[in-house]
Structures are given as C-alpha cells and as structure tokens.
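Down below is the structure, laid out as structure tokens.
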Amino acid sequence: MPQLIARTPQEWVEAVLSDFNTFLNDHAAAEKKASGMAMSMALHYRDKERLVTEMVDLAIEEMMHFRECVRLLHDRGLHLQPDEKDEYVNRLRQQVRGNPQHMLLDRLLIGSIIEARGVERFGLVAEALPPGDMKDFYQAITASEERHNDLFFDLAEGYFPEEEVIARLDELVRFEAGLLVSLPVRAALH
C-alpha cells in the first residue's frame with residue numbers, strides 16, 4: 001500500500017466545507033469516472049481473470065457510490081453538474097509508460113495512489129462533518145477507498161515482482177507529492 005509523502009493542507013478542508021455542494025458534485029463525478037476506469041481495465045486486460053473479476057466488482061461498487069452521491073445531491077435540492085477536468089488524475093495518468101507490461105503496472109499503482117489520496121481526503125471530510133448521515137456516508141466511503149487502495153496494490157504485487165512494484169511505486173509517489181502541492185486548492189476531491 002502506498003505511503004503518500006505530501007499531506008492535504010487544512011485549507012483544502014476549509015474550501016470543501018465552505019462549498020460543500022460543489023464538492024459533493026465533484027465527488028459524484030469522481031465515482032462515475034472510477035467506475036468507467038474499472039470497466040476499461042477489465043476490458044483491456046480480459047486475459048487476466050482475477051483482474052477482470054475485481055475490476056467488474058469495483059465498477060459496480062463505484063457506480064453504487066455514484067448513485068448515493070446523486071441521492072445526496074437530490075436531497076439538497078441540487079442536480080448533477082457537468083464534469084470538470086481532473087488535472088490531478090490526468091497528470092498522474094500521463095506517467096503511464098507505453099510498453100504493455102509497464103502500462104499495466106503503472107495503471108495499477110496509479111489507481112492505488114489515487115485511492116490512497118481518497119482515503120486521506122474523504123477521511124478529513126468525515127472528521128470535519130458534524131454527526132449525522134453525511135458524516136456516516138464519508139466514513140463509509142473512507143473505508144471503501146482503503147479497500148480499493150489495497151486491491152490495486154495487491155493486484156500489482158500479484159502480477160509483478162515485488163522489487164519492480166516498490167521501485168516504480170516510489171517514483172510515482174514522489175511525482176504525486178509534487179503534483180499535489182502544485183495544484184490549486186478547491187472544493188473538489190483532487
């Protein structure tokens with residue numbers, strides 16, 4: 001499991017709490033995109049039975065989270081807004097190497113890093129919210145992200161030698177730390 005280097009600043013939590021509706025809509029978009037990414041991996045690596053099974057299950061779970069976010073938006077009298085470009089995810093994905101073997105490893109490790117950042121950030125949101133349904137939701141989402149983080153890392157370790165996984169993970173975690181501090185703080189997951 002990746003250990004992130006950079007920590008999310010308190011000003012991010014304050015931005016989220018001051019514009020929670022925008023954050024909730026961005027969260028919905030992130031869940032929808034995560035479901036699509038899982039299906040893309042299942043279809044791209046159809047010869048890897050465990051990966052396919054896990055990615056199909058993940059796609060369904062992420063879509064259930066999307067559905068829950070939509071319900072929460074509707075409960076607040078809001079509607080889904082158009083997706084915004086996620087520079088964090090896009091720049092991480094630019095780190096995927098083109099060689100097919102490297103590509104799979106990189107996609108799995110980047111998935112693990114994104115989920116690790118989700119664990120941290122959803123946890124911060126859950127901690128900051130007052131007791132109630134929204135806090136309970138974000139505590140559950142935090143636990144889910146942790147399972148997903150472990151899943152991507154376990155898949156990487158299952159398909160690649162440990163030393164290769166650790167070396168590449170170190171490179172990607174360092175890149176992610178620099179990326180995180182370079183991006184503006186906003187009421188969005190990334």
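Labeling convention for the structure tokens: chains A, B, ... as they appear, residues from 1 per chain, ligands from 1 in order of appearance.
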
Practice prompt. Within 9 Å of Arg168 in chain A, counting only C-alpha atoms, which residues show up once you throw out same-chain ones fewer than 3 positions away? Write them as a PyMOL selection string, please.
Written response: chain A and resi 105-106+109+163-165+171-173

Sorted per-residue table, range 139-172 of chain A near range 41-51 of chain A, closest atoms and distance, 10 Å, only C-alpha atoms, as a Markdown table:
| residue | atom | partner | partner_atom | distance |
| --- | --- | --- | --- | --- |
| A:Leu151 | CA | A:Leu51 | CA | 9.6 |
| A:Phe152 | CA | A:Leu51 | CA | 9.3 |
| A:Leu155 | CA | A:Leu51 | CA | 7.0 |
| A:Ala156 | CA | A:Leu51 | CA | 9.8 |
| A:Gly158 | CA | A:Arg50 | CA | 9.6 |
| A:Tyr159 | CA | A:Lys48 | CA | 9.3 |

Practice problem: Run DSSP on the backbone and give me the residues of chain A it puts in helix (DSSP H, G or I), as a ChimeraX atom specification. | Solution: /A:10-18,20-44,49-75,87-93,100-128,133-159,162-182

#### Entry: Closest of A:Ala59, A:Ile5, A:Val13, A:Leu124 to Leu169 in chain A - atom-to-atom distances counting only C-alpha atoms
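Using only C-alpha atoms, the shortest distance to Leu169 in chain A belongs to A:Ile5.
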
Of A:Ala128, A:Leu73, A:Leu78, A:Ala34, the one sitting nearest Ile60 in chain A when using only C-alpha atoms is A:Ala34
